[in-house]
Every structure is written in C-alpha cells, then in structure tokens.
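Visitor: Mind looking over this structure? Questions follow.
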Amino acid sequence: MRKMQADSGFTLLELIISIAVIAIGIFAVISLIVIVLEGNKRSKMVTTATALAQDKMEYFKRISYSNITGTNTVGTDYYLNASVQNDTPGTYTKTITVNVYWDPATATSSHKVELKTIIAQ
C-alpha cells in the first residue's frame with residue numbers, strides 16, 4: 001500500500017480567510033488616510049483664515065487712529081468681517097474684532113477665526 005503524502009498547499013478556506021484579513025487591513029489604512037487628508041484640509045483653512053485676520057489687524061495698526069472703521073471683505077473661500085467699537089473699553093480707545101468665516105464663506109458659518117485687539121489714540 002501507498003502512504004498518503006501531506007499536501008504542501010493551502011486549502012480554499014485558508015485562502016479566503018487570508019484575503020479577508022488583508023482586505024480588512026487595507027480598508028483600515030484607507031480610512032486612516034481619508035481622516036488625515038480631512039484634518040490637513042481643515043488645518044489649511046484655519047491657518048489661512050488666521051493669516052487673513054492677522055493681516056487685517058496689521059492694517060489697522062498701520063493706519064491713523066481716526067481712519068479705523070469696520071469693513072467687510074467677501075472672497076470665494078473666506079468672508080472677513082472687521083467691527084470697530086469706539087471708546088471701548090475706555091475713552092480714546094477702539095476695540096477691533098476681526099472674524100474670518102469659511103465653509104461656507106458667510107457670516108452664518110460655524111467655522112471661524114476671531115481676533116481682538118484694543119488700540120489707543
């Protein structure tokens with residue numbers, strides 16, 4: 001009689017299980033990549049909005065005290081609103097608040113950066 005030799009290959013069940021494990025790993029990596037890309041996009045938007053707000057603040061610091069007034073700037077991706085309160089918190093001071101909105105670029109957006117400063121005469 002002949003002895004049975006041990007098979008050196010994989011069974012169909014082993015192949016299916018290994019493919020399933022690899023597929024789960026690939027889907028996890030793809031999900032992680034999507035989350036990282038969304039985080040990068042949000043970081044870019046926040047950084048750009050902060051830079052726009054800082055530029056507007058620098059503009060107010062360069063001009064004369066009497067010319068400081070509120071402004072609105074509407075762009076394709078950002079909406080900038082600069083409001084000025086006179087004699088706040090004290091006489092001969094102005095409180096400047098700069099808000100930059102995005103996604104959507106309207107004043108009702110929940111995404112915003114706000115900077116405040118006080119300038120004295």
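Each chain of the structure tokens is named A, B, ... in the order shown, its residues numbered from 1; ligands are numbered from 1 in display order.
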Just the residues within 6 Å of Thr93 of chain A, please, counting only C-alpha atoms, with nothing from its chain fewer than 4 positions along; format it as a VMD selection string.
Guide: chain A and resid 87 to 88 119 to 120
Visitor: Write the residues of the preceding selection, restricted to N, CA and C atoms, as a short mmCIF file (atom, residue, chain, number, x, y, z; two decimals), in the first residue's frame.
Guide:
data_model
loop_
_atom_site.label_atom_id
_atom_site.label_comp_id
_atom_site.auth_asym_id
_atom_site.auth_seq_id
_atom_site.Cartn_x
_atom_site.Cartn_y
_atom_site.Cartn_z
N ASP A 87 -14.48 104.05 21.83
CA ASP A 87 -14.46 104.34 23.27
C ASP A 87 -14.76 103.11 24.12
N THR A 88 -14.27 101.98 23.69
CA THR A 88 -14.43 100.73 24.43
C THR A 88 -13.06 100.08 24.55
N ILE A 119 -6.84 99.39 20.47
CA ILE A 119 -5.90 100.40 20.01
C ILE A 119 -6.25 101.72 20.69
N ALA A 120 -5.25 102.37 21.24
CA ALA A 120 -5.45 103.65 21.92
C ALA A 120 -4.97 104.78 21.01
#
Visitor: Between atom CA of Tyr92 of chain A and atom CA of Gln121 of chain A, what is the distance, to one decimal in Å?
Guide: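 Distance reported for this atom pair: 5.5 Å.
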Visitor: Fewer than 2 positions away in the same chain doesn't count, so skip those; otherwise give me all residues within 8 Å of segment 29-46 of chain A, counting only C-alpha atoms, as a PDB file with N, CA and C atoms, in the first residue's frame.
Guide:
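This is the output file around28.pdb:
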ATOM      1  N   GLY A  25      -7.410  44.968   6.656  1.00  0.00           N
ATOM      2  CA  GLY A  25      -6.245  45.830   6.878  1.00  0.00           C
ATOM      3  C   GLY A  25      -6.177  46.965   5.872  1.00  0.00           C
ATOM      4  N   ILE A  26      -6.444  46.675   4.627  1.00  0.00           N
ATOM      5  CA  ILE A  26      -6.412  47.703   3.581  1.00  0.00           C
ATOM      6  C   ILE A  26      -7.510  48.747   3.813  1.00  0.00           C
ATOM      7  N   PHE A  27      -8.715  48.303   4.184  1.00  0.00           N
ATOM      8  CA  PHE A  27      -9.795  49.251   4.453  1.00  0.00           C
ATOM      9  C   PHE A  27      -9.464  50.137   5.647  1.00  0.00           C
ATOM     10  N   THR A  48      -5.012  79.634   6.971  1.00  0.00           N
ATOM     11  CA  THR A  48      -5.269  80.725   6.022  1.00  0.00           C
ATOM     12  C   THR A  48      -6.172  81.783   6.636  1.00  0.00           C
ATOM     13  N   ALA A  49      -7.223  81.354   7.341  1.00  0.00           N
ATOM     14  CA  ALA A  49      -8.135  82.313   7.981  1.00  0.00           C
ATOM     15  C   ALA A  49      -7.410  83.127   9.042  1.00  0.00           C
ATOM     16  N   THR A  50      -6.541  82.487   9.807  1.00  0.00           N
ATOM     17  CA  THR A  50      -5.775  83.198  10.827  1.00  0.00           C
ATOM     18  C   THR A  50      -4.826  84.216  10.196  1.00  0.00           C
ATOM     19  N   TRP A 102     -15.443  80.614   6.968  1.00  0.00           N
ATOM     20  CA  TRP A 102     -15.270  79.777   5.777  1.00  0.00           C
ATOM     21  C   TRP A 102     -16.177  78.557   5.868  1.00  0.00           C
ATOM     22  N   LYS A 112     -14.998  79.573  12.044  1.00  0.00           N
ATOM     23  CA  LYS A 112     -14.500  80.948  12.068  1.00  0.00           C
ATOM     24  C   LYS A 112     -13.269  81.060  12.946  1.00  0.00           C
ATOM     25  N   VAL A 113     -12.512  82.110  12.655  1.00  0.00           N
ATOM     26  CA  VAL A 113     -11.378  82.524  13.476  1.00  0.00           C
ATOM     27  C   VAL A 113     -11.679  83.945  13.918  1.00  0.00           C
TER      28      VAL A 113
END
Visitor: List every residue of chain A that DSSP, applied to the backbone of this structure, places in strand (DSSP E or B), and write the result as a ChimeraX atom specification.
Guide: /A:71-74,78-86,93-102,111-120
Visitor: Could you check which of A:Lys116, A:Ser66, A:Ala105, A:Leu52 is closest to Ser83 of chain A, using only C-alpha atoms?
Guide: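 Selected residue with least distance to Ser83 of chain A: A:Lys116.
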Visitor: As an exercise, work out the distance from atom CA of Thr97 of chain A to atom CA of Asn72 of chain A in Å and give it to one decimal place.
Guide: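 Those two atoms sit 11.7 Å apart.
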Visitor: Quick check, in Å to one decimal: how far apart do atom CA of Asp103 of chain A and atom CA of Gln85 of chain A lie?
Guide: 27.1 Å
